[in-house]
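First comes the structure, then the notes that go with it.
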Amino acid sequence: MITLNSKIPDGPLEKKWTQYKANAKLVSPANKKKIDIIVVGTGISGAPAASTLGEMGYNVKVFCYQDTPRRAHSVAAQGGINAAKNYKNDGDSVYHLFYDVIKGGDFRAREANVYRIAEVSNQVIDHFTAIGVPFAREYGGTLTTRSFGGVQVSRTFYSRGQTGQQVLLGAYSSLSRQIKEGSVTMFPRREMLDLVVVDGKARGIIVRNLITGEIERHSAHAVVLATGGYGTIYYLSTLAVNSNASAAWKAYKRGAAFANPSFVQIHPSSVPQMNEFQSKLTLMSESLRNDGRVWVPKAKGDKRPANEIPDEERDYYLERRYPAFGNLVPRYVASRAANDRCDAGFGVGPTGLAVNLDFRDAINKQGKKAIEDKYGNLFDMYKDITGIDSYVEPMRIYPAGHYTMGGLWVDYDLMTTIPGLFAIGEANFSDHGANRLGASSLMQGAGDGYFILPYTISNYLAPEIKTPRIKTDIPEFQEAEEKAVERINRLLTVKGKQTANDFHKKLGKIMWDYCGMTRNEAGLTEALRLIRELRDEFWNDLIVSGHADELNQELEKAGRVADFLELGELMVNDALNRRESCGAHFREESQTADHEAMRNDDEFAYVAAWEYNSDQPPILHKEELKFEFVELKQRSYK
Amino acid sequence: MKLILKIWKQKNAGSKGGFAKYDLDGIAPEMSFMEMLAYLNQTLIEKGDEPVAYDHDCHEGICGSCGMYINGYPHGPVPGLTTCLLSMRYFKEGETIVVEPWRAKPFPVIKDLIVDRSAMDKIQVAGGFISVTTGAASEANAVLVNKKKSDLAFDASICIGCGACVAACKNASAMLFVSAKISQYALLPQGRPEAKERVRAMVAEMDRQSFGSCSNTGACEAQCPKQIKLFNIARLNREYYKAL
């Protein structure tokens with residue numbers, strides 16, 4: 001049975017991290033050489049962690065499923081990266097950034113962790129700039145920022161609409177430098193199949209070489225998971241189609257608690273689904289809502305082309321419901337409002353599952369050129385996908401699964417409940433509470449990887465300097481490898497009729513319908529039944545072509561879907577347990593008379609950390625959230 | 001829509017490949033090329049046949065995983081698009097589409113349409129970085145950067161590393177790829193201290209990986225899904241001569 005100890009340092013909020021670093025144990029350069037660290041994932045937390053640990057002198061082994069580390073899905077982040085630089089002299093500070101993230105997360109994150117990420121945010125910008133990330137600049141040569149996500153200051157650094165690509169390629173360049181130095185060894189096209197725990201400590205991983213199918217054992221003194229989120233559980237999401245939860249899920253099954261799995265951010269603006277073959281929903285940046293107005297027809301089922309519907313017959317529902325924030329309400333408010341309209345039958349487009357995002361008024365006021373300068377690449381992308389010119393008629397948008405605030409439970413050291421297993425970036429649960437603010441994911445991932453984990457992992461490793469290199473011929477590796485092989489064989493021998501993709505689609509629909517934007521007890525209970533049924537069906541009717549000892553993309557996919565079929569159940573259990581609405585989690589039973597979310601701090605101001613309990617229901621552990629420095633407030637965007 | 005697909009099938013690097021022909025009906029014009037291939041694979045698996053292997057991930061044109069010749073063009077006939085963003089409405093009913101993996105010596109075939117592009121990583125490892133250790137950076141605004149140069153650096157930095165430039169080139173040259181990285185760093189003051197070592201190391205590694213020479217045909221620029229400009233190659237040459 002695990003116990004949760006968040007290990008938050010004592011002292012005033014702004015001193016905790018400084019104090020921690022002052023007291024953290026160090027490892028001497030001679031000893032670092034003798035210590036191995038595994039990093040799984042090369043996104044905006046994994047690549048920074050690996051390169052920094054390599055620079056420090058550790059032996060680092062890095063794994064990713066793609067053919068090269070430069071393809072991790074952080075590459076697709078569009079909007080930007082936040083920092084408390086106050087370059088615009090608009091009164092920003094570390095405290096303001098901290099407060100916005102805590103409040104944006106609807107008071108379901110730890111104060112100390114959030115303050116720390118705000119604190120290191122400035123260093124992240126300094127570092128990226130120094131390694132050649134071309135952030136946008138003013139004519140005077142300084143860096144510029146934009147406002148993002150409805151906050152009162154301008155603190156988002158960006159590289160046009162592809163900030164994620166630029167910072168990820170920056171991190172990849174640093175990683176390349178360490179590969180050249182020899183401190184980092186890169187293992188691309190590897191998928192983690194299991195975590196190896198020896199005497200209660202994480203000591204290695206089992207991976208499959210995706211080209212040859214070979215199963216490999218890799219050992220280390222500590223393991224870092226930087227494997228991202230699990231939004232692809234919805235099948236259609238804004239994530240890369242191969243993004244998956246398997247590494248985190250295997251860690252969970254080896255004893256790492258999984259925190260707040262039901263906290264999923266549904267992004268309000270993606271290109272809507274057009275047909276059943278669609279594989280993903282492409283994000284249209286939130287920044288579009290700065291100039292676009294969201295509306296549906298006032299009349300149900302009005303099928304006239306958008307431009308033929310006069311203003312008085314349009315329902316600008318965000319402006320109507322939220323006069324103070326209008327079209328700039330937070331993501332989950334916008335998503336839910338769109339969902340409300342579509343459920344009520346006012347949706348537009350061929351499926352009725354879309355709303356209009358209209359730039360007519362902005363173009364009339366500012367001119368086409370101004371809009372083109374701001375959003376040209378997004379308008380082009382939208383046209384590539386849909387064939388529709390949004391300068392002439394409104395875009396159609398619809399919410400899509402996007403970012404998972406939930407993830408592996410970690411303490412202040414970013415260590416999971418398995419000693420020696422760390423989780424960073426989106427893979428952990430730590431900083432975004434029940435909702436993530438725009439441009440905070442790159443900040444958190446890079447902050448974790450560059451400036452937090454390197455300290456905390458050294459503190460853990462200091463007593464490990466006497467532990468010799470971990471051998472891979474010990475029974476724990478043997479057992480884990482056998483288990484991995486057995487599962488591969490099981491997947492290949494069902495020999496049914498439905499592909500992994502068929503099951504993924506079905507699971508995605510269950511999750512979207514019952515554990516998506518709004519949730520209720522009856523629906524969630526039904527979802528539990530449906531997921532269990534589907535899981536049985538999977539293991540009785542799955543078809544996987546090909547063999548284990550070759551490049552086999554169907555086999556990869558089947559393994560990931562098998563894990564999603566288990567994770568889905570945990571997400572639903574978590575959503576059932578949390579009988580309050582907070583952030584992105586909306587329980588219909590907990591709402592005000594005018595259908596706004598109602599938080600319940602008396603009963604639910606805690607992190608729900610779930611412990612795997614083999615065939616029994618998972619065990620819930622509660623980490624009480626104490627707010628010593630901020631006052632809990634019910635948010636209103638009216 | 002109904003299409004005839006001729007797709008390169010090759011079991012692994014060591015075996016001999018060949019074209020397989022598939023008649024595929026029921027293609028929707030709004031499908032992307034990737035979704036069309038997924039649909040093809042679904043029908044193949046259901047029939048008990050081997051699906052086609054191909055790299056793909058983000059499906060929004062930014063990760064650089066996908067890439068194949070479509071009717072002889074890297075990423076297909078529409079300029080400025082990766083394969084994953086190429087819509088099937090660009091093809092005609094009944095058309096025959098020929099799909100092949102990148103054909104270039106430095107990119108050996110792994111399986112079907114999947115090639116090994118690690119030679120590009122090796123060039124990056126040779127010198128595609130600025131040597132600043134975490135923690136050593138000065139305040140971000142301590143170094144002012146001319147906006148025009150910074151914008152040009154950005155235009156070069158958007159390369160997604162897909163390899164289309166190499167595939168498009170009759171010499172299998174990686175000059176556009178290398179020049180994009182060199183340009184990004186050469187244009188920024190942060191990249192100047194190591195400029196000479198960087199360009200020497202990256203060009204040497206490019207040659208070692210047996211990429212061909214540049215003969216200025218411009219095929220790379222024409223086929224680059226991110227439309228990276230040929231003048232970056234001129235800058236690479238200038239940087240290289242300066243470093244000799």
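Scheme for the structure tokens: letters A, B, ... for chains in order shown; per-chain residue numbers from 1; ligand numbers from 1 in order shown.
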Write out as a JSON list (two decimals) with N, CA and C atoms, in the first residue's frame every residue belonging to chain A that has an atom at most 6 Å from any atom of chain B, counting only C-alpha atoms.
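Written file, result.json:
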[["chain", "number", "residue", "atom", "x", "y", "z"],
["A", 71, "ARG", "N", 10.73, 14.61, -33.65],
["A", 71, "ARG", "CA", 9.34, 14.52, -34.08],
["A", 71, "ARG", "C", 8.34, 14.44, -32.93],
["A", 126, "ASP", "N", 15.40, 32.62, -21.31],
["A", 126, "ASP", "CA", 16.83, 32.97, -21.47],
["A", 126, "ASP", "C", 17.56, 31.84, -22.20],
["A", 127, "HIS", "N", 17.29, 30.61, -21.75],
["A", 127, "HIS", "CA", 18.03, 29.49, -22.32],
["A", 127, "HIS", "C", 17.67, 29.26, -23.79],
["A", 129, "THR", "N", 16.55, 31.34, -25.91],
["A", 129, "THR", "CA", 17.10, 32.42, -26.73],
["A", 129, "THR", "C", 18.59, 32.19, -26.98],
["A", 130, "ALA", "N", 19.29, 31.77, -25.94],
["A", 130, "ALA", "CA", 20.74, 31.57, -26.07],
["A", 130, "ALA", "C", 21.09, 30.44, -27.03],
["A", 131, "ILE", "N", 20.20, 29.42, -27.12],
["A", 131, "ILE", "CA", 20.53, 28.31, -28.03],
["A", 131, "ILE", "C", 19.92, 28.51, -29.42],
["A", 134, "PRO", "N", 14.41, 31.21, -32.57],
["A", 134, "PRO", "CA", 14.04, 32.54, -33.10],
["A", 134, "PRO", "C", 12.66, 33.00, -32.65],
["A", 137, "ARG", "N", 10.45, 39.19, -32.41],
["A", 137, "ARG", "CA", 11.14, 40.35, -31.85],
["A", 137, "ARG", "C", 10.49, 41.67, -32.25],
["A", 139, "TYR", "N", 11.15, 45.79, -33.33],
["A", 139, "TYR", "CA", 12.12, 46.40, -34.24],
["A", 139, "TYR", "C", 13.39, 46.83, -33.51],
["A", 141, "GLY", "N", 14.95, 45.14, -31.48],
["A", 141, "GLY", "CA", 15.81, 43.98, -31.26],
["A", 141, "GLY", "C", 15.50, 43.18, -30.01],
["A", 142, "THR", "N", 14.56, 43.65, -29.20],
["A", 142, "THR", "CA", 14.20, 42.88, -28.00],
["A", 142, "THR", "C", 13.13, 41.85, -28.34],
["A", 173, "SER", "N", 18.46, 20.26, -30.63],
["A", 173, "SER", "CA", 19.84, 20.64, -30.96],
["A", 173, "SER", "C", 20.75, 20.44, -29.75],
["A", 176, "SER", "N", 21.38, 16.85, -29.46],
["A", 176, "SER", "CA", 22.35, 16.43, -30.47],
["A", 176, "SER", "C", 23.78, 16.71, -30.00],
["A", 177, "ARG", "N", 23.94, 17.87, -29.36],
["A", 177, "ARG", "CA", 25.27, 18.24, -28.86],
["A", 177, "ARG", "C", 25.76, 17.21, -27.85],
["A", 180, "LYS", "N", 26.79, 14.00, -29.47],
["A", 180, "LYS", "CA", 28.15, 14.14, -30.00],
["A", 180, "LYS", "C", 29.18, 13.99, -28.88],
["A", 240, "ALA", "N", -0.78, 13.74, -31.96],
["A", 240, "ALA", "CA", -0.25, 12.88, -33.01],
["A", 240, "ALA", "C", -0.93, 11.52, -32.87],
["A", 241, "VAL", "N", -1.15, 10.85, -34.00],
["A", 241, "VAL", "CA", -1.94, 9.62, -33.93],
["A", 241, "VAL", "C", -1.23, 8.50, -33.17],
["A", 242, "ASN", "N", 0.07, 8.57, -33.07],
["A", 242, "ASN", "CA", 0.78, 7.51, -32.33],
["A", 242, "ASN", "C", 1.03, 7.85, -30.87]]
Item to complete: Excluding region 602-612 of chain A and residues on its chain fewer than 5 positions from it, collect all residues at most 9 Å away from it, counting only C-alpha atoms, and give them as a VMD selection string.
Response: chain A and resid 1 to 2 4 107 to 110 252 to 261 408 to 409 433 570 574 577 to 580 617 to 626
Keeping C-alpha atoms for every residue in the selection just given, could you write it to a file as a short mmCIF file (atom, residue, chain, number, x, y, z; two decimals), in the first residue's frame?
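Final file, part.cif:
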data_model
loop_
_atom_site.label_atom_id
_atom_site.label_comp_id
_atom_site.auth_asym_id
_atom_site.auth_seq_id
_atom_site.Cartn_x
_atom_site.Cartn_y
_atom_site.Cartn_z
CA MET A 1 0.00 0.00 0.00
CA ILE A 2 1.46 3.32 -1.00
CA LEU A 4 1.50 9.94 -0.48
CA PHE A 107 -7.55 25.51 -7.39
CA ARG A 108 -6.78 21.86 -7.90
CA ALA A 109 -2.98 22.12 -8.15
CA ARG A 110 -0.29 22.42 -5.50
CA TYR A 252 0.96 2.60 -12.92
CA LYS A 253 0.68 -1.15 -13.03
CA ARG A 254 4.09 -1.42 -11.38
CA GLY A 255 2.97 0.76 -8.48
CA ALA A 256 3.11 4.41 -9.51
CA ALA A 257 -0.06 6.22 -8.48
CA PHE A 258 -2.05 7.87 -11.26
CA ALA A 259 -3.47 11.27 -10.31
CA ASN A 260 -6.67 12.95 -11.51
CA PRO A 261 -6.97 10.83 -14.67
CA LEU A 408 1.41 10.11 -12.87
CA TRP A 409 1.34 11.42 -9.34
CA GLY A 433 -4.83 21.42 -11.64
CA LEU A 570 -9.68 4.48 -14.48
CA ASP A 574 -12.05 9.11 -11.26
CA ASN A 577 -15.59 9.80 -7.70
CA ARG A 578 -15.30 13.54 -8.22
CA ARG A 579 -18.87 14.67 -7.68
CA GLU A 580 -18.06 18.33 -8.26
CA PRO A 617 -10.85 -1.96 -7.98
CA PRO A 618 -8.08 0.63 -7.74
CA ILE A 619 -7.41 2.18 -4.33
CA LEU A 620 -8.06 5.90 -3.96
CA HIS A 621 -5.54 7.96 -1.99
CA LYS A 622 -6.30 11.59 -1.31
CA GLU A 623 -3.68 14.29 -1.14
CA GLU A 624 -5.34 17.22 0.57
CA LEU A 625 -4.61 20.52 -1.16
CA LYS A 626 -3.80 23.19 1.37
#
Worksheet entry | Minimum-distance residue to Ala334 (chain A), chosen among A:Tyr58, A:Phe98, A:Tyr637, A:Tyr87 (using only C-alpha atoms) | A:Tyr637
Practice prompt. For CA of Val348 (chain A) and CA of Ile385 (chain A), quote the distance in Å rounded to one decimal.
Written response: 17.5 Å
Practice prompt. Run DSSP on the backbone and grab whatever in region 97-174 of chain B lands in strand (DSSP E or B); send it over as a ChimeraX atom specification.
Written response: /B:97-100,109-111,114-115,173
Discussion item. Give me, as an MDAnalysis selection string, all polymer residues having an atom no more than 10 Å from region 93-107 of chain B, counting only C-alpha atoms and skipping those fewer than 6 positions away in the same chain.
Written reply: chainID B and resid 1:10 18:25 27 29 54 67:76 113:120 163:164 166:174 206 208:212
Practice prompt. Pick out each residue of region 194-350 of chain A that DSSP on the backbone tags as alpha helix (DSSP H); I need them as JSON, numbers by chain.
Written response: {"A": [246, 247, 248, 249, 250, 251, 252, 253, 317, 318, 319, 320, 321, 331, 332, 333, 334, 335, 336, 337, 338, 339, 340, 341, 342, 343]}
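Distances to Ala338 (chain A) were evaluated for A:Glu631, A:Glu554, A:Asp502, A:Asp315 using only C-alpha atoms, and the minimum falls at A:Asp315.
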Worksheet item: Got a sec: who's within 7 Å of Asn209 (chain A), counting only C-alpha atoms, leaving out chain neighbours fewer than 2 positions off, as a list in words?
Response: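 What passes the distance filter is Arg189, Arg190, Glu191, Val207, Ile211, Thr212, Gly213, Glu214 and Ile215 of chain A.
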Worksheet item: Just how far from CA of Val40 (chain A) is CA of Leu225 (chain A), in Å to one decimal?
Response: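 That distance, rounded to one decimal, is 5.0 Å.
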Item to complete: May I ask which of the residues A:Tyr455, A:Lys32, A:Val224, A:Asn122 is the closest one to Ala248 (chain A), counting only C-alpha atoms?
Response: A:Val224
Discussion item. Between CA of Arg200 (chain B) and CA of Glu181 (chain A), what distance in Å does the model show, to one decimal?
Written reply: 17.3 Å
Discussion item. Taking 6 positions as the minimum chain separation for residues in the same chain, which residues sit within 10 Å of Thr156 (chain A) when counting only C-alpha atoms? Answer as a PyMOL selection string.
Written reply: chain A and resi 79-85+144-149+438-440+443
Practice prompt. Select, from A:Met284, A:Leu210, A:Ala500, A:Ala584, the residue with the minimum atom-to-atom distance to Leu534 (chain A), counting only C-alpha atoms.
Written response: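 For Leu534 (chain A), the nearest of the candidates is A:Ala500.
Taking only C-alpha atoms, the non-local environment of Gly104 (chain A) within 8 Å (same-chain residues fewer than 4 positions away omitted) comprises Asp100, His432, Asn435, Arg436, Leu437 and Gly583 of chain A.
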Worksheet entry | Spatial neighbours of Ala400 (chain A), 8 Å, only C-alpha atoms, chain gap at least 3 places, as a PyMOL selection string | chain A and resi 236-238+266-270+281
Requested write-out: N, CA and C atoms of the selected residues, as a short mmCIF file (atom, residue, chain, number, x, y, z; two decimals), in the first residue's frame:
data_model
loop_
_atom_site.label_atom_id
_atom_site.label_comp_id
_atom_site.auth_asym_id
_atom_site.auth_seq_id
_atom_site.Cartn_x
_atom_site.Cartn_y
_atom_site.Cartn_z
N LEU A 236 -10.22 10.51 -31.83
CA LEU A 236 -10.01 11.79 -32.50
C LEU A 236 -9.56 12.81 -31.48
N SER A 237 -8.40 13.37 -31.68
CA SER A 237 -7.91 14.40 -30.76
C SER A 237 -6.94 15.26 -31.55
N THR A 238 -6.38 16.26 -30.88
CA THR A 238 -5.42 17.11 -31.57
C THR A 238 -4.02 16.52 -31.51
N ILE A 266 -10.47 19.80 -23.13
CA ILE A 266 -11.06 19.71 -24.47
C ILE A 266 -10.87 21.09 -25.10
N HIS A 267 -10.13 21.13 -26.19
CA HIS A 267 -9.84 22.40 -26.84
C HIS A 267 -11.05 22.83 -27.67
N PRO A 268 -11.47 24.10 -27.55
CA PRO A 268 -12.72 24.49 -28.23
C PRO A 268 -12.62 24.61 -29.75
N SER A 269 -11.41 24.83 -30.26
CA SER A 269 -11.38 25.10 -31.70
C SER A 269 -10.48 24.15 -32.46
N SER A 270 -11.11 23.12 -33.01
CA SER A 270 -10.40 22.27 -33.96
C SER A 270 -11.27 22.20 -35.21
N LEU A 281 -8.13 15.47 -35.29
CA LEU A 281 -8.76 16.77 -35.37
C LEU A 281 -7.66 17.81 -35.27
#
